[in-house]
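Peer 1: My file is start_37.txt. It has compact mmCIF, N, CA and C atoms:
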# COMPACT_ATOMS: atom_id res chain seq x y z
N MET A 226 -121.70 -217.79 165.72
CA MET A 226 -120.42 -217.36 165.19
C MET A 226 -119.47 -218.56 165.10
N PRO A 227 -118.71 -218.62 164.01
CA PRO A 227 -117.75 -219.72 163.86
C PRO A 227 -116.60 -219.62 164.86
N ALA A 228 -116.08 -220.77 165.24
CA ALA A 228 -114.92 -220.84 166.13
C ALA A 228 -113.67 -221.06 165.28
N TYR A 229 -112.60 -220.37 165.64
CA TYR A 229 -111.34 -220.44 164.91
C TYR A 229 -110.21 -220.77 165.87
N GLU A 230 -109.17 -221.40 165.34
CA GLU A 230 -107.94 -221.60 166.09
C GLU A 230 -106.85 -220.86 165.35
N ILE A 231 -106.16 -219.98 166.05
CA ILE A 231 -105.08 -219.18 165.48
C ILE A 231 -103.77 -219.80 165.96
N ARG A 232 -102.89 -220.10 165.02
CA ARG A 232 -101.61 -220.73 165.37
C ARG A 232 -100.45 -219.90 164.84
N TYR A 233 -99.38 -219.85 165.62
CA TYR A 233 -98.16 -219.14 165.22
C TYR A 233 -97.00 -220.12 165.27
N ARG A 234 -96.16 -220.08 164.25
CA ARG A 234 -95.01 -220.97 164.15
C ARG A 234 -93.73 -220.15 163.98
N ASP A 235 -92.62 -220.71 164.46
CA ASP A 235 -91.33 -220.02 164.32
C ASP A 235 -90.71 -220.35 162.97
N GLN A 236 -89.48 -219.90 162.75
CA GLN A 236 -88.81 -220.09 161.46
C GLN A 236 -88.57 -221.56 161.13
N ASN A 237 -88.58 -222.43 162.11
CA ASN A 237 -88.40 -223.86 161.89
C ASN A 237 -89.72 -224.60 161.72
N GLY A 238 -90.82 -223.89 161.84
CA GLY A 238 -92.14 -224.50 161.72
C GLY A 238 -92.70 -225.03 163.01
N ALA A 239 -91.97 -224.84 164.11
CA ALA A 239 -92.45 -225.32 165.42
C ALA A 239 -93.57 -224.41 165.93
N LEU A 240 -94.60 -225.01 166.46
CA LEU A 240 -95.72 -224.26 167.04
C LEU A 240 -95.25 -223.52 168.28
N THR A 241 -95.44 -222.19 168.30
CA THR A 241 -94.99 -221.40 169.44
C THR A 241 -96.14 -220.85 170.27
N TYR A 242 -97.30 -220.65 169.66
CA TYR A 242 -98.43 -220.08 170.40
C TYR A 242 -99.70 -220.40 169.64
N THR A 243 -100.78 -220.65 170.36
CA THR A 243 -102.08 -220.89 169.74
C THR A 243 -103.18 -220.37 170.66
N PHE A 244 -104.26 -219.91 170.06
CA PHE A 244 -105.43 -219.54 170.86
C PHE A 244 -106.69 -219.72 170.02
N SER A 245 -107.81 -219.82 170.70
CA SER A 245 -109.10 -219.97 170.05
C SER A 245 -109.88 -218.68 170.14
N ALA A 246 -110.70 -218.43 169.12
CA ALA A 246 -111.50 -217.20 169.10
C ALA A 246 -112.76 -217.45 168.29
N THR A 247 -113.81 -216.73 168.61
CA THR A 247 -115.01 -216.74 167.78
C THR A 247 -115.04 -215.42 167.04
N CYS A 248 -115.30 -215.47 165.75
CA CYS A 248 -115.32 -214.27 164.91
C CYS A 248 -116.54 -214.34 163.99
N ASP A 249 -116.95 -213.20 163.49
CA ASP A 249 -118.12 -213.14 162.60
C ASP A 249 -117.91 -213.93 161.31
N ASP A 250 -116.67 -213.88 160.77
CA ASP A 250 -116.39 -214.56 159.51
C ASP A 250 -114.89 -214.78 159.35
N ASP A 251 -114.51 -215.43 158.24
CA ASP A 251 -113.10 -215.76 158.00
C ASP A 251 -112.23 -214.50 157.91
N GLY A 252 -112.73 -213.47 157.30
CA GLY A 252 -111.96 -212.23 157.15
C GLY A 252 -111.60 -211.61 158.49
N ARG A 253 -112.54 -211.58 159.40
CA ARG A 253 -112.25 -211.02 160.72
C ARG A 253 -111.28 -211.91 161.51
N ALA A 254 -111.36 -213.21 161.29
CA ALA A 254 -110.43 -214.11 161.95
C ALA A 254 -109.01 -213.86 161.45
N ARG A 255 -108.84 -213.62 160.15
CA ARG A 255 -107.51 -213.31 159.59
C ARG A 255 -106.97 -212.02 160.17
N VAL A 256 -107.80 -211.01 160.26
CA VAL A 256 -107.37 -209.71 160.82
C VAL A 256 -106.95 -209.89 162.27
N LEU A 257 -107.73 -210.61 163.05
CA LEU A 257 -107.39 -210.87 164.45
C LEU A 257 -106.06 -211.60 164.57
N ALA A 258 -105.85 -212.60 163.71
CA ALA A 258 -104.61 -213.38 163.76
C ALA A 258 -103.40 -212.49 163.55
N HIS A 259 -103.47 -211.56 162.62
CA HIS A 259 -102.34 -210.68 162.36
C HIS A 259 -102.19 -209.61 163.43
N ALA A 260 -103.30 -209.17 163.99
CA ALA A 260 -103.24 -208.16 165.06
C ALA A 260 -102.61 -208.72 166.33
N MET A 261 -102.79 -210.01 166.57
CA MET A 261 -102.28 -210.64 167.79
C MET A 261 -100.93 -211.32 167.59
N LYS A 262 -100.33 -211.19 166.41
CA LYS A 262 -99.08 -211.88 166.07
C LYS A 262 -97.98 -211.53 167.06
N THR A 263 -97.29 -212.56 167.52
CA THR A 263 -96.17 -212.37 168.44
C THR A 263 -94.91 -212.02 167.64
N PRO A 264 -93.96 -211.32 168.25
CA PRO A 264 -92.77 -210.86 167.52
C PRO A 264 -91.96 -211.98 166.86
N GLY A 265 -91.86 -213.15 167.48
CA GLY A 265 -91.04 -214.22 166.92
C GLY A 265 -91.75 -215.09 165.89
N ALA A 266 -93.03 -214.84 165.66
CA ALA A 266 -93.80 -215.67 164.73
C ALA A 266 -93.39 -215.41 163.29
N ARG A 267 -93.16 -216.48 162.55
CA ARG A 267 -92.81 -216.36 161.14
C ARG A 267 -93.94 -216.85 160.25
N LEU A 268 -94.84 -217.67 160.82
CA LEU A 268 -95.96 -218.20 160.06
C LEU A 268 -97.22 -218.06 160.90
N VAL A 269 -98.26 -217.51 160.30
CA VAL A 269 -99.57 -217.36 160.94
C VAL A 269 -100.53 -218.29 160.23
N GLU A 270 -101.26 -219.10 160.99
CA GLU A 270 -102.27 -219.99 160.42
C GLU A 270 -103.61 -219.72 161.10
N VAL A 271 -104.68 -219.74 160.29
CA VAL A 271 -106.03 -219.62 160.82
C VAL A 271 -106.80 -220.87 160.40
N TRP A 272 -107.34 -221.57 161.39
CA TRP A 272 -108.06 -222.81 161.16
C TRP A 272 -109.51 -222.66 161.59
N ARG A 273 -110.42 -223.18 160.78
CA ARG A 273 -111.84 -223.31 161.14
C ARG A 273 -112.15 -224.79 161.05
N ASP A 274 -112.50 -225.39 162.16
CA ASP A 274 -112.66 -226.85 162.25
C ASP A 274 -111.35 -227.51 161.84
N ASN A 275 -111.37 -228.38 160.86
CA ASN A 275 -110.15 -229.07 160.42
C ASN A 275 -109.58 -228.49 159.13
N ALA A 276 -110.01 -227.29 158.75
CA ALA A 276 -109.57 -226.68 157.50
C ALA A 276 -108.74 -225.42 157.77
N MET A 277 -107.55 -225.38 157.17
CA MET A 277 -106.76 -224.15 157.25
C MET A 277 -107.33 -223.17 156.23
N ILE A 278 -107.79 -222.02 156.70
CA ILE A 278 -108.41 -221.06 155.79
C ILE A 278 -107.46 -219.92 155.43
N HIS A 279 -106.34 -219.82 156.15
CA HIS A 279 -105.39 -218.73 155.88
C HIS A 279 -104.02 -219.10 156.44
N ALA A 280 -102.98 -218.77 155.68
CA ALA A 280 -101.61 -218.93 156.15
C ALA A 280 -100.79 -217.79 155.55
N ARG A 281 -99.99 -217.14 156.37
CA ARG A 281 -99.14 -216.05 155.89
C ARG A 281 -97.80 -216.16 156.54
N PRO A 282 -96.65 -216.19 155.92
CA PRO A 282 -96.61 -216.33 154.47
C PRO A 282 -97.24 -217.65 154.07
N SER A 283 -97.51 -217.80 152.79
CA SER A 283 -98.17 -219.03 152.36
C SER A 283 -97.36 -220.24 152.81
N VAL A 284 -98.03 -221.32 153.07
CA VAL A 284 -97.36 -222.53 153.54
C VAL A 284 -96.33 -222.98 152.52
N THR A 285 -96.64 -222.88 151.22
CA THR A 285 -95.70 -223.26 150.17
C THR A 285 -94.45 -222.39 150.23
N ALA A 286 -94.62 -221.08 150.40
CA ALA A 286 -93.47 -220.17 150.47
C ALA A 286 -92.63 -220.47 151.70
N ALA A 287 -93.27 -220.76 152.81
CA ALA A 287 -92.53 -221.06 154.04
C ALA A 287 -91.71 -222.33 153.87
N ARG A 288 -92.28 -223.34 153.24
CA ARG A 288 -91.55 -224.59 153.03
C ARG A 288 -90.40 -224.39 152.06
N THR A 289 -90.63 -223.61 150.99
CA THR A 289 -89.58 -223.34 150.00
C THR A 289 -88.43 -222.60 150.66
N THR A 290 -88.73 -221.60 151.47
CA THR A 290 -87.70 -220.84 152.17
C THR A 290 -86.93 -221.75 153.12
N SER A 291 -87.64 -222.58 153.84
CA SER A 291 -87.00 -223.50 154.78
C SER A 291 -86.10 -224.48 154.04
N ASN A 292 -86.56 -225.03 152.93
CA ASN A 292 -85.75 -225.96 152.15
C ASN A 292 -84.53 -225.27 151.57
N HIS A 293 -84.69 -224.04 151.12
CA HIS A 293 -83.57 -223.29 150.56
C HIS A 293 -82.51 -223.04 151.63
N MET A 294 -82.96 -222.71 152.84
CA MET A 294 -82.03 -222.44 153.93
C MET A 294 -81.27 -223.72 154.30
N LEU A 295 -81.93 -224.87 154.26
CA LEU A 295 -81.27 -226.12 154.56
C LEU A 295 -80.19 -226.45 153.52
N LYS A 296 -80.49 -226.19 152.24
CA LYS A 296 -79.52 -226.45 151.19
C LYS A 296 -78.33 -225.50 151.25
N ALA A 297 -78.60 -224.24 151.62
CA ALA A 297 -77.53 -223.23 151.68
C ALA A 297 -76.62 -223.49 152.87
N GLY A 298 -77.14 -224.06 153.94
CA GLY A 298 -76.39 -224.26 155.17
C GLY A 298 -75.51 -225.42 155.07
In structure tokens, write the structure found in this file.

Peer 2:
Amino acid sequence: MPAYEIRYRDQNGALTYTFSATCDDDGRARVLAHAMKTPGARLVEVWRDNAMIHARPSVTAARTTSNHMLKAG
């Protein structure tokens, strides 16, 4: 079974929590990541080895939102 690292980031992009898990496939790793999401997490990332296989919201959307908030502030 592949090993995955699940990462959670706050609204500023700071890493708040991470854990490792073995799952049957990428889809199950994504489901696990969302099931274990902490209340303050704004970004969920799923990594297999050195490759990010899933991010929600998308990394691009998170950066756009963050940049927009900086300009508005």

Peer 1: Ranking A:Thr263, A:Thr241, A:Thr247, A:Asn275 by minimum distance to Met226 (chain A) and counting only N, CA and C atoms, which one comes first?

Peer 2: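 Of all the options, A:Thr247 lies closest to Met226 (chain A).
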
Peer 1: With distances taken over only C-alpha atoms, which of A:Pro227, A:Gly238, A:Val269, A:Arg232 is nearest to Asp250 (chain A)?

Peer 2: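 Closest candidate: A:Pro227.
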
Peer 1: Kindly give the distance, in Å, that separates CA of Ala239 (chain A) and CA of Val271 (chain A), rounded to a single decimal.

Peer 2: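 Here the two named atoms are 15.4 Å from each other.
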
Peer 1: Which neighbours of Phe244 (chain A) fall inside 6 Å, counting all atoms listed in the file, when residues of the same chain fewer than 6 positions from it are skipped, and could you give them as a list of chain:residue names?

Peer 2: A:Tyr229, A:Glu230, A:Ile231, A:Arg232

Peer 1: In Å, how far is it from CA of Arg273 (chain A) to atom C of Cys248 (chain A)?

Peer 2: 10.5 Å

Peer 1: Could you give me, as a list in words, the residues that sit within 8 Å of (-86.0, -217.5, 165.6) in the file's coordinates, counting only N, CA and C atoms?

Peer 2: Asp235, Gln236, Asn237, Gly265, Ala266 and Arg267 of chain A

Peer 1: Only N, CA and C atoms, please: the residues just picked out, written as a short mmCIF file (atom, residue, chain, number, x, y, z; two decimals), keeping the file's coordinate frame.

Peer 2:
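Below you can see again-v8.cif, which holds the result:
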data_model
loop_
_atom_site.label_atom_id
_atom_site.label_comp_id
_atom_site.auth_asym_id
_atom_site.auth_seq_id
_atom_site.Cartn_x
_atom_site.Cartn_y
_atom_site.Cartn_z
N ASP A 235 -92.62 -220.71 164.46
CA ASP A 235 -91.33 -220.02 164.32
C ASP A 235 -90.71 -220.35 162.97
N GLN A 236 -89.48 -219.90 162.75
CA GLN A 236 -88.81 -220.09 161.46
C GLN A 236 -88.57 -221.56 161.13
N ASN A 237 -88.58 -222.43 162.11
CA ASN A 237 -88.40 -223.86 161.89
C ASN A 237 -89.72 -224.60 161.72
N GLY A 265 -91.86 -213.15 167.48
CA GLY A 265 -91.04 -214.22 166.92
C GLY A 265 -91.75 -215.09 165.89
N ALA A 266 -93.03 -214.84 165.66
CA ALA A 266 -93.80 -215.67 164.73
C ALA A 266 -93.39 -215.41 163.29
N ARG A 267 -93.16 -216.48 162.55
CA ARG A 267 -92.81 -216.36 161.14
C ARG A 267 -93.94 -216.85 160.25
#

Peer 1: Expressed in Å to a single decimal, how great is the separation between CA of Pro264 (chain A) and CA of Ala228 (chain A)?

Peer 2: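 The value is 24.3 Å.
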
Peer 1: With only N, CA and C atoms as the atoms that count, which of A:Asp274, A:Leu268, A:Lys262, A:Arg281 lies nearest to Arg234 (chain A)?

Peer 2: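 Closest candidate: A:Leu268.
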